[in-house]
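A.B. asks: Dropping a structure here in structure tokens format, bear with me for questions.
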Amino acid sequence: MRPSTHDTVVRSISGRPELRHHVTQVQEWRIERAMDAEGFVLSITGPDGASQSFFVATADAGDIGEVLRRQAVWVDHREQ
């Protein structure tokens with residue numbers, strides 16, 4: 001895992017408001033395999049119908065997955 005990317009993501013979900021920007025609820029998300037690429041396309045649609053797609057490299061997907069797993073564990077411990 002690349003420390004600088006991981007640290008940025010962890011700080012972003014840790015509640016530091018200075019790292020947040022305008023936040024919109026996710027209405028729909030879709031993951032599509034990218035042809036001839038090491039990654040996938042993540043498309044997110046908001047409640048107003050606005051949509052944006054991002055190419056997520058395999059290494060970044062692993063980093064995101066690790067952060068989400070840590071977040072899930074943190075939430076589980078907090079609820080006990």
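Scheme for the structure tokens: letters A, B, ... for chains in order shown; per-chain residue numbers from 1; ligand numbers from 1 in order shown.
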So which residues of stretch 30-60 of chain A fall under strand (DSSP E) by DSSP, listed as a list in words?
C.D. replies: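 Here are the strand (DSSP E) residues of stretch 30-60 of chain A: Arg30, Ile31, Glu32, Arg33, Gly39, Phe40, Val41, Leu42, Ser43, Ile44, Thr45, Ser51, Gln52, Ser53, Phe54, Phe55, Val56 and Ala57 of chain A.
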